[in-house]
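**Student:** For reference, the file my_file21.txt (compact mmCIF, C-alpha atoms) is included below:
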# COMPACT_ATOMS: atom_id res chain seq x y z
CA MET A 191 6.97 -28.52 -1.64
CA ASN A 192 6.56 -24.77 -1.16
CA ILE A 193 6.79 -24.27 -4.92
CA GLN A 194 4.16 -26.91 -5.57
CA VAL A 195 1.71 -25.28 -3.20
CA LEU A 196 2.27 -21.83 -4.68
CA ARG A 197 1.84 -23.25 -8.18
CA ASN A 198 -1.51 -24.67 -7.17
CA VAL A 199 -2.64 -21.33 -5.81
CA PHE A 200 -1.64 -19.50 -9.00
CA ALA A 201 -3.05 -22.23 -11.27
CA ARG A 202 -6.40 -22.19 -9.49
CA ASN A 203 -6.51 -18.40 -9.75
CA GLU A 204 -5.57 -18.42 -13.44
CA ARG A 205 -8.26 -20.98 -14.21
CA ALA A 206 -10.90 -18.86 -12.48
CA ALA A 207 -9.58 -15.72 -14.23
CA ALA A 208 -9.94 -17.42 -17.64
CA GLU A 209 -13.50 -18.47 -16.78
CA ASN A 210 -14.34 -14.91 -15.68
CA ARG A 211 -12.94 -13.44 -18.90
CA GLU A 212 -14.91 -15.96 -20.95
CA ALA A 213 -18.12 -15.00 -19.14
CA PHE A 214 -17.41 -11.28 -19.76
CA ASP A 215 -16.49 -11.85 -23.42
CA ALA A 216 -19.68 -13.81 -24.08
CA ARG A 217 -21.70 -10.76 -22.97
CA GLY A 218 -19.54 -8.06 -24.56
CA ILE A 219 -18.52 -6.74 -21.15
CA THR A 220 -15.20 -4.92 -20.74
CA CYS A 221 -13.70 -5.67 -17.36
CA VAL A 222 -11.31 -3.14 -15.85
CA ASN A 223 -9.11 -3.98 -12.84
CA ILE A 224 -8.15 -0.82 -10.89
CA LEU A 225 -4.95 -1.09 -8.88
CA GLY A 226 -3.12 1.30 -6.58
CA GLY A 227 -1.90 1.91 -3.06
CA ALA A 228 -4.16 2.68 -0.11
CA GLY A 229 -5.49 6.21 -0.41
CA SER A 230 -4.25 6.68 -3.97
CA GLY A 231 -7.77 7.73 -4.98
CA LYS A 232 -9.27 4.67 -6.68
CA THR A 233 -12.72 5.05 -5.14
CA ALA A 234 -12.79 8.83 -5.67
CA LEU A 235 -11.92 8.25 -9.34
CA LEU A 236 -14.87 5.86 -9.68
CA GLU A 237 -17.17 8.31 -7.88
CA CYS A 238 -16.22 10.90 -10.52
CA VAL A 239 -16.37 8.80 -13.69
CA LEU A 240 -19.43 6.64 -12.98
CA PRO A 241 -22.08 9.38 -13.21
CA GLN A 242 -20.60 10.58 -16.52
CA LEU A 243 -20.16 7.07 -17.93
CA ALA A 244 -23.78 6.27 -17.06
CA ARG A 245 -24.93 8.49 -19.97
CA THR A 246 -23.24 6.13 -22.45
CA LEU A 247 -22.44 2.79 -20.84
CA ARG A 248 -24.03 0.51 -18.28
CA CYS A 249 -21.48 0.10 -15.48
CA ALA A 250 -21.13 -1.93 -12.29
CA VAL A 251 -18.42 -2.23 -9.66
CA LEU A 252 -16.89 -4.99 -7.58
CA GLU A 253 -15.28 -3.31 -4.58
CA GLY A 254 -12.33 -5.02 -2.90
CA ASP A 255 -11.54 -4.36 0.74
CA LEU A 256 -10.17 -6.20 3.76
CA VAL A 257 -12.89 -5.70 6.35
CA THR A 258 -15.23 -2.77 5.63
CA THR A 259 -17.99 -1.89 3.18
CA ARG A 260 -17.11 1.85 3.17
CA ASP A 261 -16.07 1.98 -0.48
CA ALA A 262 -19.11 0.04 -1.68
CA GLU A 263 -21.31 2.52 0.18
CA ARG A 264 -19.60 5.41 -1.62
CA ILE A 265 -20.16 3.71 -5.01
CA ALA A 266 -23.79 2.88 -4.20
CA ALA A 267 -24.30 6.56 -3.35
CA VAL A 268 -23.51 7.55 -6.95
CA GLY A 269 -26.09 5.04 -8.18
CA ALA A 270 -24.02 2.19 -9.63
CA PRO A 271 -24.70 -1.49 -8.94
CA VAL A 272 -21.94 -2.60 -6.56
CA VAL A 273 -20.87 -5.73 -4.69
CA GLN A 274 -18.39 -5.60 -1.82
CA LEU A 275 -15.72 -8.30 -1.92
CA LEU A 276 -14.08 -8.77 1.49
CA THR A 277 -10.71 -10.51 1.68
CA ASP A 278 -10.86 -10.83 5.51
CA GLY A 279 -7.43 -9.29 5.83
CA GLY A 280 -6.05 -10.75 2.59
CA CYS A 281 -3.79 -8.45 0.59
CA HIS A 282 -5.24 -8.90 -2.91
CA LEU A 283 -8.40 -9.96 -4.74
CA SER A 284 -8.54 -13.42 -6.26
CA ALA A 285 -10.34 -14.50 -9.44
CA THR A 286 -12.41 -16.96 -7.40
CA LEU A 287 -13.69 -14.16 -5.16
CA VAL A 288 -14.54 -12.13 -8.28
CA GLN A 289 -16.36 -15.19 -9.64
CA LYS A 290 -18.56 -15.24 -6.53
CA GLY A 291 -19.08 -11.48 -6.72
CA VAL A 292 -20.35 -11.40 -10.30
CA GLU A 293 -23.07 -13.90 -9.39
CA SER A 294 -24.85 -10.98 -7.72
CA LEU A 295 -24.57 -8.65 -10.74
CA PRO A 296 -26.93 -8.35 -13.73
CA LEU A 297 -24.22 -9.38 -16.25
CA GLU A 298 -26.66 -9.38 -19.20
CA GLU A 299 -27.27 -5.67 -18.68
CA LEU A 300 -23.67 -4.47 -18.38
CA ASP A 301 -21.09 -2.89 -20.68
CA LEU A 302 -18.33 -2.05 -18.25
CA LEU A 303 -17.40 -3.87 -15.06
CA PHE A 304 -14.89 -2.19 -12.74
CA ILE A 305 -13.05 -4.18 -10.12
CA GLU A 306 -11.46 -1.93 -7.50
CA ASN A 307 -8.67 -3.98 -6.01
CA VAL A 308 -7.45 -3.89 -2.41
CA GLY A 309 -5.35 -0.78 -1.61
CA ASN A 310 -1.88 -2.25 -1.96
CA PRO A 311 0.77 -1.35 -4.56
CA ILE A 312 2.39 -4.81 -4.56
CA CYS A 313 0.41 -8.05 -4.28
CA PRO A 314 -2.68 -7.37 -6.47
CA ALA A 315 -0.51 -6.99 -9.60
CA ASN A 316 0.38 -10.70 -9.39
CA PHE A 317 -3.22 -11.93 -9.60
CA GLU A 318 -5.24 -11.86 -12.83
CA LEU A 319 -8.95 -11.53 -12.15
CA GLY A 320 -10.22 -12.00 -15.70
CA GLU A 321 -9.90 -8.31 -16.57
CA HIS A 322 -9.33 -7.01 -20.10
CA LEU A 323 -7.61 -3.83 -18.97
CA ARG A 324 -5.76 -2.57 -15.96
CA ILE A 325 -5.80 1.00 -14.67
CA SER A 326 -3.07 1.94 -12.20
CA VAL A 327 -3.72 4.88 -9.89
CA LEU A 328 -0.94 7.00 -8.39
CA SER A 329 -1.54 10.11 -6.32
CA VAL A 330 0.66 13.20 -6.34
CA ALA A 331 0.74 12.92 -2.54
CA GLU A 332 2.36 9.47 -2.71
CA GLY A 333 5.45 10.90 -4.38
CA GLY A 334 7.04 10.62 -7.80
CA ASP A 335 9.39 7.77 -6.92
CA LYS A 336 6.62 5.16 -6.99
CA PRO A 337 6.92 3.91 -10.62
CA SER A 338 10.59 3.06 -10.00
CA LYS A 339 9.85 1.54 -6.61
CA TYR A 340 6.77 -0.48 -7.63
CA PRO A 341 7.34 -1.28 -11.32
CA LEU A 342 4.94 -4.26 -11.38
CA LEU A 343 2.07 -1.94 -10.48
CA PHE A 344 2.63 -0.01 -13.73
CA LYS A 345 3.99 -2.69 -16.08
CA ASP A 346 0.64 -3.98 -17.38
CA ALA A 347 -1.49 -0.84 -17.02
CA ALA A 348 -3.29 0.32 -20.16
CA LEU A 349 -3.96 3.62 -18.39
CA VAL A 350 -2.14 5.29 -15.50
CA VAL A 351 -4.26 7.89 -13.71
CA ILE A 352 -2.28 10.43 -11.70
CA THR A 353 -4.66 11.70 -9.02
CA LYS A 354 -4.79 14.60 -6.53
CA CYS A 355 -3.09 16.98 -9.00
CA ASP A 356 -4.60 19.87 -7.03
CA LEU A 357 -1.75 19.11 -4.58
CA LEU A 358 1.01 19.60 -7.18
CA THR A 359 1.94 23.02 -5.79
CA HIS A 360 2.32 21.49 -2.32
CA SER A 361 4.67 18.70 -3.40
CA ASN A 362 7.80 18.08 -5.43
CA PHE A 363 5.98 15.65 -7.76
CA ASP A 364 7.17 16.25 -11.36
CA ILE A 365 4.58 15.07 -13.92
CA THR A 366 7.11 14.96 -16.77
CA ALA A 367 9.72 12.97 -14.84
CA VAL A 368 7.09 10.57 -13.48
CA SER A 369 5.62 10.02 -16.97
CA ARG A 370 9.10 9.26 -18.26
CA ASP A 371 9.57 6.70 -15.45
CA ILE A 372 6.21 5.10 -16.26
CA TRP A 373 7.02 4.87 -19.99
CA ARG A 374 10.41 3.36 -19.23
CA ILE A 375 8.53 0.48 -17.52
CA ASN A 376 5.53 0.45 -19.86
CA PRO A 377 5.99 2.37 -23.15
CA THR A 378 2.37 1.98 -24.30
CA ALA A 379 0.59 3.21 -21.16
CA ALA A 380 -1.71 6.21 -21.48
CA VAL A 381 -1.13 8.73 -18.69
CA VAL A 382 -3.89 11.10 -17.57
CA THR A 383 -3.65 13.70 -14.78
CA THR A 384 -6.73 14.27 -12.62
CA ALA A 385 -8.02 15.94 -9.47
CA ALA A 386 -11.23 14.57 -8.01
CA PHE A 387 -11.61 17.69 -5.81
CA THR A 388 -11.77 20.03 -8.84
CA GLY A 389 -12.92 17.53 -11.48
CA ASP A 390 -9.88 18.24 -13.66
CA GLY A 391 -9.03 15.44 -16.10
CA ILE A 392 -12.10 13.35 -15.29
CA ASP A 393 -13.60 13.92 -18.78
CA GLN A 394 -10.43 12.52 -20.30
CA VAL A 395 -10.63 9.32 -18.25
CA VAL A 396 -14.29 8.95 -19.25
CA GLU A 397 -13.43 9.37 -22.95
CA TRP A 398 -10.58 6.88 -22.65
CA LEU A 399 -12.88 4.28 -21.04
CA ILE A 400 -15.60 4.69 -23.68
CA ALA A 401 -13.02 4.37 -26.48
CA ALA A 402 -11.38 1.36 -24.84
CA HIS A 403 -14.74 -0.39 -24.52
CA ARG A 404 -15.76 0.41 -28.14
CA ALA A 405 -12.38 -0.69 -29.51
CA ARG A 406 -12.60 -4.16 -28.10
CA ARG A 407 -16.32 -4.88 -28.28
CA PRO A 408 -16.46 -6.25 -31.86
CA LEU A 409 -13.42 -8.40 -31.20
CA VAL A 410 -14.72 -10.13 -28.13
CA ALA A 411 -18.32 -10.79 -29.09
CA PRO A 412 -18.32 -11.71 -32.79
CA ALA A 413 -21.51 -13.76 -32.29
CA ASN A 414 -23.39 -10.53 -31.53
CA VAL A 415 -22.25 -8.63 -34.63
CA MET B 185 -0.75 -29.19 3.47
CA ASN B 186 -1.20 -25.50 2.73
CA ILE B 187 -1.57 -24.79 6.42
CA GLN B 188 1.55 -26.76 7.28
CA VAL B 189 3.64 -24.80 4.77
CA LEU B 190 2.36 -21.46 6.03
CA ARG B 191 3.05 -22.51 9.62
CA ASN B 192 6.64 -23.29 8.71
CA VAL B 193 7.11 -19.88 7.13
CA PHE B 194 5.72 -18.09 10.19
CA ALA B 195 7.64 -20.33 12.61
CA ARG B 196 10.93 -19.68 10.81
CA ASN B 197 10.23 -15.95 10.83
CA GLU B 198 9.28 -15.92 14.50
CA ARG B 199 12.44 -17.79 15.44
CA ALA B 200 14.60 -15.27 13.56
CA ALA B 201 12.62 -12.38 15.11
CA ALA B 202 13.30 -13.76 18.61
CA GLU B 203 17.01 -14.06 17.80
CA ASN B 204 17.09 -10.49 16.49
CA ARG B 205 15.38 -9.16 19.61
CA GLU B 206 17.84 -11.05 21.81
CA ALA B 207 20.78 -9.54 19.93
CA PHE B 208 19.28 -6.04 20.31
CA ASP B 209 18.49 -6.56 24.01
CA ALA B 210 22.01 -7.76 24.76
CA ARG B 211 23.34 -4.42 23.45
CA GLY B 212 20.64 -2.14 24.91
CA ILE B 213 19.39 -1.30 21.41
CA THR B 214 15.77 -0.25 20.91
CA CYS B 215 14.48 -1.51 17.57
CA VAL B 216 11.60 0.36 15.92
CA ASN B 217 9.65 -1.14 13.00
CA ILE B 218 8.07 1.62 10.87
CA LEU B 219 5.00 0.55 8.89
CA GLY B 220 2.73 2.35 6.45
CA GLY B 221 1.43 2.47 2.90
CA ALA B 222 3.51 3.51 -0.11
CA GLY B 223 4.06 7.27 -0.02
CA SER B 224 2.71 7.66 3.51
CA GLY B 225 5.90 9.52 4.42
CA LYS B 226 8.00 6.96 6.31
CA THR B 227 11.33 7.97 4.73
CA ALA B 228 10.57 11.69 5.02
CA LEU B 229 9.83 11.18 8.73
CA LEU B 230 13.21 9.50 9.21
CA GLU B 231 14.95 12.27 7.25
CA CYS B 232 13.45 14.76 9.72
CA VAL B 233 14.00 12.94 13.01
CA LEU B 234 17.46 11.43 12.42
CA PRO B 235 19.49 14.70 12.47
CA GLN B 236 17.74 15.76 15.70
CA LEU B 237 18.06 12.34 17.33
CA ALA B 238 21.79 12.27 16.50
CA ARG B 239 22.39 14.86 19.24
CA THR B 240 21.24 12.37 21.89
CA LEU B 241 21.18 8.83 20.48
CA ARG B 242 23.25 6.78 18.04
CA CYS B 243 20.87 5.66 15.30
CA ALA B 244 20.98 3.40 12.24
CA VAL B 245 18.41 2.38 9.65
CA LEU B 246 17.50 -0.78 7.76
CA GLU B 247 15.60 0.35 4.66
CA GLY B 248 13.08 -2.06 3.12
CA ASP B 249 12.23 -1.82 -0.57
CA LEU B 250 11.31 -4.10 -3.45
CA VAL B 251 13.88 -3.20 -6.09
CA THR B 252 15.54 0.20 -5.56
CA THR B 253 18.02 1.83 -3.17
CA ARG B 254 16.35 5.25 -3.38
CA ASP B 255 15.29 5.41 0.26
CA ALA B 256 18.67 4.23 1.55
CA GLU B 257 20.30 7.02 -0.48
CA ARG B 258 17.99 9.57 1.16
CA ILE B 259 18.88 8.25 4.64
CA ALA B 260 22.61 8.17 3.86
CA ALA B 261 22.33 11.81 2.78
CA VAL B 262 21.30 12.83 6.32
CA GLY B 263 24.35 11.02 7.68
CA ALA B 264 22.94 7.89 9.31
CA PRO B 265 24.39 4.39 8.85
CA VAL B 266 21.96 2.56 6.56
CA VAL B 267 21.58 -0.83 4.90
CA GLN B 268 19.15 -1.40 2.03
CA LEU B 269 17.11 -4.61 2.31
CA LEU B 270 15.66 -5.62 -1.05
CA THR B 271 12.74 -8.06 -1.12
CA ASP B 272 12.98 -8.57 -4.91
CA GLY B 273 9.29 -7.83 -5.31
CA GLY B 274 8.24 -9.34 -1.99
CA CYS B 275 5.53 -7.47 -0.12
CA HIS B 276 7.01 -7.38 3.40
CA LEU B 277 10.30 -7.62 5.28
CA SER B 278 11.17 -10.86 7.02
CA ALA B 279 13.13 -11.32 10.24
CA THR B 280 15.70 -13.41 8.35
CA LEU B 281 16.37 -10.54 5.93
CA VAL B 282 16.74 -8.20 8.93
CA GLN B 283 19.15 -10.71 10.45
CA LYS B 284 21.36 -10.47 7.36
CA GLY B 285 21.06 -6.68 7.28
CA VAL B 286 22.25 -6.11 10.86
CA GLU B 287 25.47 -8.03 10.09
CA SER B 288 26.59 -4.90 8.23
CA LEU B 289 25.78 -2.50 11.09
CA PRO B 290 28.00 -1.52 14.07
CA LEU B 291 25.57 -2.93 16.66
CA GLU B 292 27.90 -2.26 19.60
CA GLU B 293 27.72 1.47 18.83
CA LEU B 294 23.95 1.85 18.46
CA ASP B 295 21.09 2.98 20.68
CA LEU B 296 18.22 3.07 18.22
CA LEU B 297 17.71 0.89 15.14
CA PHE B 298 14.93 1.84 12.75
CA ILE B 299 13.58 -0.65 10.27
CA GLU B 300 11.57 1.05 7.53
CA ASN B 301 9.28 -1.64 6.18
CA VAL B 302 8.10 -2.03 2.57
CA GLY B 303 5.40 0.49 1.60
CA ASN B 304 2.33 -1.66 2.07
CA PRO B 305 -0.46 -1.20 4.61
CA ILE B 306 -1.30 -4.91 4.83
CA CYS B 307 1.33 -7.66 4.75
CA PRO B 308 4.18 -6.20 6.88
CA ALA B 309 1.95 -6.10 9.98
CA ASN B 310 1.87 -9.91 10.01
CA PHE B 311 5.64 -10.35 10.29
CA GLU B 312 7.56 -9.65 13.51
CA LEU B 313 11.13 -8.56 12.79
CA GLY B 314 12.45 -8.53 16.34
CA GLU B 315 11.35 -4.95 16.98
CA HIS B 316 10.48 -3.58 20.43
CA LEU B 317 8.13 -0.94 19.12
CA ARG B 318 6.07 -0.27 16.04
CA ILE B 319 5.35 3.12 14.54
CA SER B 320 2.50 3.32 12.02
CA VAL B 321 2.52 6.17 9.54
CA LEU B 322 -0.63 7.55 7.92
CA SER B 323 -0.68 10.58 5.66
CA VAL B 324 -3.49 13.12 5.51
CA ALA B 325 -3.49 12.59 1.73
CA GLU B 326 -4.34 8.89 2.12
CA GLY B 327 -7.65 9.73 3.73
CA GLY B 328 -9.18 9.34 7.16
CA ASP B 329 -10.85 6.00 6.48
CA LYS B 330 -7.59 4.04 6.68
CA PRO B 331 -7.64 2.99 10.38
CA SER B 332 -11.03 1.34 9.86
CA LYS B 333 -9.97 -0.20 6.55
CA TYR B 334 -6.52 -1.44 7.68
CA PRO B 335 -6.96 -2.13 11.41
CA LEU B 336 -3.98 -4.50 11.64
CA LEU B 337 -1.65 -1.68 10.59
CA PHE B 338 -2.65 0.27 13.71
CA LYS B 339 -3.42 -2.47 16.23
CA ASP B 340 0.12 -2.93 17.59
CA ALA B 341 1.53 0.56 17.01
CA ALA B 342 3.01 2.27 20.07
CA LEU B 343 2.97 5.51 18.09
CA VAL B 344 0.86 6.58 15.12
CA VAL B 345 2.38 9.46 13.16
CA ILE B 346 -0.09 11.39 11.01
CA THR B 347 2.00 12.96 8.23
CA LYS B 348 1.53 15.66 5.58
CA CYS B 349 -0.67 17.76 7.90
CA ASP B 350 0.22 20.79 5.73
CA LEU B 351 -2.39 19.28 3.36
CA LEU B 352 -5.21 19.33 5.95
CA THR B 353 -6.85 22.38 4.35
CA HIS B 354 -6.86 20.58 0.99
CA SER B 355 -8.57 17.42 2.26
CA ASN B 356 -11.50 16.30 4.35
CA PHE B 357 -9.23 14.46 6.81
CA ASP B 358 -10.54 15.00 10.36
CA ILE B 359 -7.76 14.56 12.98
CA THR B 360 -10.25 14.10 15.83
CA ALA B 361 -12.34 11.49 14.04
CA VAL B 362 -9.25 9.61 12.84
CA SER B 363 -7.72 9.62 16.33
CA ARG B 364 -10.97 8.21 17.69
CA ASP B 365 -10.87 5.45 15.06
CA ILE B 366 -7.24 4.66 15.96
CA TRP B 367 -8.01 4.49 19.69
CA ARG B 368 -10.98 2.24 19.05
CA ILE B 369 -8.53 -0.28 17.52
CA ASN B 370 -5.61 0.49 19.83
CA PRO B 371 -6.51 2.45 22.99
CA THR B 372 -2.90 2.93 24.14
CA ALA B 373 -1.39 4.32 20.92
CA ALA B 374 0.19 7.77 21.03
CA VAL B 375 -0.90 9.92 18.09
CA VAL B 376 1.30 12.75 16.80
CA THR B 377 0.54 15.05 13.86
CA THR B 378 3.44 16.13 11.66
CA ALA B 379 4.37 17.86 8.40
CA ALA B 380 7.81 17.11 7.01
CA PHE B 381 7.53 20.09 4.64
CA THR B 382 7.16 22.58 7.50
CA GLY B 383 8.80 20.58 10.29
CA ASP B 384 5.67 20.75 12.43
CA GLY B 385 5.42 18.00 15.03
CA ILE B 386 8.88 16.55 14.35
CA ASP B 387 10.19 17.65 17.78
CA GLN B 388 7.39 15.72 19.41
CA VAL B 389 8.27 12.50 17.57
CA VAL B 390 11.92 12.98 18.56
CA GLU B 391 10.96 13.44 22.23
CA TRP B 392 8.71 10.39 22.10
CA LEU B 393 11.52 8.25 20.65
CA ILE B 394 14.07 9.39 23.24
CA ALA B 395 11.61 8.71 26.06
CA ALA B 396 10.67 5.31 24.61
CA HIS B 397 14.32 4.30 24.40
CA ARG B 398 15.11 5.52 27.95
CA ALA B 399 12.03 3.85 29.41
CA ARG B 400 12.98 0.40 28.26
CA ARG B 401 16.77 0.47 28.42
CA PRO B 402 17.13 -0.60 32.09
CA LEU B 403 14.55 -3.32 31.61
CA VAL B 404 16.19 -5.00 28.65
CA ALA B 405 19.84 -4.85 29.66
CA PRO B 406 19.98 -5.45 33.42
CA ALA B 407 23.50 -6.88 33.10
CA ASN B 408 24.71 -3.40 32.08
CA VAL B 409 23.19 -1.57 35.05
Mind converting the file's structure to structure tokens?

**Tutor:**
Amino acid sequence: MNIQVLRNVFARNERAAAENREAFDARGITCVNILGGAGSGKTALLECVLPQLARTLRCAVLEGDLVTTRDAERIAAVGAPVVQLLTDGGCHLSATLVQKGVESLPLEELDLLFIENVGNPICPANFELGEHLRISVLSVAEGGDKPSKYPLLFKDAALVVITKCDLLTHSNFDITAVSRDIWRINPTAAVVTTAAFTGDGIDQVVEWLIAAHRARRPLVAPANV
Amino acid sequence: MNIQVLRNVFARNERAAAENREAFDARGITCVNILGGAGSGKTALLECVLPQLARTLRCAVLEGDLVTTRDAERIAAVGAPVVQLLTDGGCHLSATLVQKGVESLPLEELDLLFIENVGNPICPANFELGEHLRISVLSVAEGGDKPSKYPLLFKDAALVVITKCDLLTHSNFDITAVSRDIWRINPTAAVVTTAAFTGDGIDQVVEWLIAAHRARRPLVAPANV
């Protein structure tokens, strides 16, 4: 009986995820699901890339959180359309909640939709939201053992962003060893090192996002070509 | 039907938690559940306090992780009896898993049993393990907004340990503001600031643990008085 119930939950989520992806595809939108632990730097990364991306692409953000609107306020402050999705204590975003969230966004006017998942290195990886790409965020301060300890977080990431690299001299985090661990789990992941405090590496993430969007646009919206 | 299934899961866990607590009480053991996000510094805290505690109290550790034994190896290296509890991808420890873990520990020879929960700021807080006390760990690098964003993590903590304070000058973490946020959620929590790299504040955590164990020992094992 337990298994049946869980199956229903996953099946309902997968159905909603497929509907979301279809809606994004029809409009040529690239949807990016950002995953990572609490305090790994997901919101700070968005605060850095959004102003730069705005020169080239029209972006919006769905912000996941348990109970507050703090992250949405930070995103609104850099001028991007944003909707706060509250899980009321739940440990991951669901595709149905995303479905409700996009109702408030001007989908026809978007190129790139970011979904910042709840800060949790475990549960969100199990729930598709309708995204085309996943970005996993890992901070230097969290420690280099995280890819081995949370492999699911990194397994399906197209890009892994290592954040807070300004703290490298204050930690025993080894970029080379961590990259090797990531590629052992996910050989095709791109790995970029950044520091939101100094701005280091942000350009590279911006370039990666623009290229990722351009690479898939003709494939997903043939009717528009 | 969903609700019924969830109730059964919680009821089974609560029953096992009560049995664990009874077993600890009968032996005068104080059980401490350590919660916090991935990379918040739970294992490093244990590495620091265990050698000092060993002068006064007999300690052991149950280490929670998804798939690796890395943390148990670190604890074994400082000389404490340790059992690795693997959740196989699960996002929290359960009281039944703890029940199995303690079978491998010399309970009759222990004063203090630490359970290091899975690195996750959300799910573990919902599952009692049979602990007498909770310690919540928050690192400076995670950011000061975490008590507001993850109130359940802090609500039942007897002690909140703020870790990685050697990074304070590299962040905008405000100890006073964060303490105020913690006390708004949990007015009776003790808050201690530490840095495993420098050893700052570790003595204070050790003193707090010794006092916490001594304060409850006569209450929980009157037959031994």

**Student:** Counting all atoms listed in the file, what are the residues of chain B within 8 Å of chain A, and for each of them which pair of atoms is the nearest and at what distance in Å, to one decimal? Sort the table by chain and rising number, as a Markdown table.

**Tutor:**
| residue | atom | partner | partner_atom | distance |
| --- | --- | --- | --- | --- |
| B:Asn186 | CA | A:Val195 | CA | 6.6 |
| B:Val189 | CA | A:Asn192 | CA | 6.6 |
| B:Gly221 | CA | A:Ala228 | CA | 6.4 |
| B:Ala222 | CA | A:Gly227 | CA | 6.4 |
| B:Gly223 | CA | A:Glu332 | CA | 3.9 |
| B:Ser224 | CA | A:Glu332 | CA | 6.5 |
| B:Gly225 | CA | A:Glu332 | CA | 8.0 |
| B:Asp249 | CA | A:Lys339 | CA | 7.3 |
| B:Leu250 | CA | A:Lys339 | CA | 6.6 |
| B:Val251 | CA | A:Lys339 | CA | 6.2 |
| B:Thr252 | CA | A:Lys339 | CA | 5.9 |
| B:Gly273 | CA | A:Ile312 | CA | 7.6 |
| B:Gly274 | CA | A:Ile312 | CA | 7.8 |
| B:Cys275 | CA | A:Ile312 | CA | 6.1 |
| B:Gly303 | CA | A:Pro311 | CA | 7.9 |
| B:Asn304 | CA | A:Asn310 | CA | 5.9 |
| B:Pro305 | CA | A:Asn310 | CA | 6.8 |
| B:Ile306 | CA | A:Cys281 | CA | 6.1 |
| B:Cys307 | CA | A:Cys281 | CA | 6.6 |
| B:Ala325 | CA | A:Ala331 | CA | 6.0 |
| B:Glu326 | CA | A:Gly229 | CA | 3.9 |
| B:Gly327 | CA | A:Gly229 | CA | 5.8 |
| B:Lys330 | CA | A:Gly229 | CA | 7.7 |
| B:Ser332 | CA | A:Thr258 | CA | 7.2 |
| B:Lys333 | CA | A:Thr258 | CA | 5.9 |
| B:Tyr334 | CA | A:Leu256 | CA | 7.2 |
| B:Leu351 | CA | A:His360 | CA | 7.7 |
| B:His354 | CA | A:Leu357 | CA | 7.7 |

**Student:** Output the selection as an mmCIF file, keeping the file's coordinate frame - C-alpha atoms for each residue.

**Tutor:**
data_model
loop_
_atom_site.group_PDB
_atom_site.id
_atom_site.type_symbol
_atom_site.label_atom_id
_atom_site.label_comp_id
_atom_site.auth_asym_id
_atom_site.auth_seq_id
_atom_site.Cartn_x
_atom_site.Cartn_y
_atom_site.Cartn_z
ATOM 1 C CA ASN B 186 -1.200 -25.500 2.730
ATOM 2 C CA VAL B 189 3.640 -24.800 4.770
ATOM 3 C CA GLY B 221 1.430 2.470 2.900
ATOM 4 C CA ALA B 222 3.510 3.510 -0.110
ATOM 5 C CA GLY B 223 4.060 7.270 -0.020
ATOM 6 C CA SER B 224 2.710 7.660 3.510
ATOM 7 C CA GLY B 225 5.900 9.520 4.420
ATOM 8 C CA ASP B 249 12.230 -1.820 -0.570
ATOM 9 C CA LEU B 250 11.310 -4.100 -3.450
ATOM 10 C CA VAL B 251 13.880 -3.200 -6.090
ATOM 11 C CA THR B 252 15.540 0.200 -5.560
ATOM 12 C CA GLY B 273 9.290 -7.830 -5.310
ATOM 13 C CA GLY B 274 8.240 -9.340 -1.990
ATOM 14 C CA CYS B 275 5.530 -7.470 -0.120
ATOM 15 C CA GLY B 303 5.400 0.490 1.600
ATOM 16 C CA ASN B 304 2.330 -1.660 2.070
ATOM 17 C CA PRO B 305 -0.460 -1.200 4.610
ATOM 18 C CA ILE B 306 -1.300 -4.910 4.830
ATOM 19 C CA CYS B 307 1.330 -7.660 4.750
ATOM 20 C CA ALA B 325 -3.490 12.590 1.730
ATOM 21 C CA GLU B 326 -4.340 8.890 2.120
ATOM 22 C CA GLY B 327 -7.650 9.730 3.730
ATOM 23 C CA LYS B 330 -7.590 4.040 6.680
ATOM 24 C CA SER B 332 -11.030 1.340 9.860
ATOM 25 C CA LYS B 333 -9.970 -0.200 6.550
ATOM 26 C CA TYR B 334 -6.520 -1.440 7.680
ATOM 27 C CA LEU B 351 -2.390 19.280 3.360
ATOM 28 C CA HIS B 354 -6.860 20.580 0.990
#

**Student:** What gap, in Å, lies between atom CA of A:Ile372 and atom CA of B:Val266?

**Tutor:**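 Those two atoms sit 27.8 Å apart.
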
**Student:** So how far away is atom CA of B:Ala374 from atom CA of B:Leu313, in Å?

**Tutor:**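 About the pair atom CA of B:Leu313 and atom CA of B:Ala374: they are 21.3 Å apart.
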
**Student:** Excluding same-chain residues fewer than 6 positions from B:Gly285, what lies within 9 Å of it counting all atoms listed in the file, as a PDB file with C-alpha atoms, keeping the file's coordinate frame?

**Tutor:**
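Heads up, here's the output in part-v2.pdb:
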ATOM      1  CA  LEU B 246      17.500  -0.780   7.760  1.00  0.00           C
ATOM      2  CA  VAL B 267      21.580  -0.830   4.900  1.00  0.00           C
ATOM      3  CA  GLN B 268      19.150  -1.400   2.030  1.00  0.00           C
ATOM      4  CA  LEU B 269      17.110  -4.610   2.310  1.00  0.00           C
TER       5      LEU B 269
END

**Student:** Between A:Glu318, A:Glu306, A:Asp364, A:Asp278, which residue has the minimum interatomic distance to A:Asn203, considering all atoms listed in the file?

**Tutor:**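 Nearest to A:Asn203: A:Glu318.
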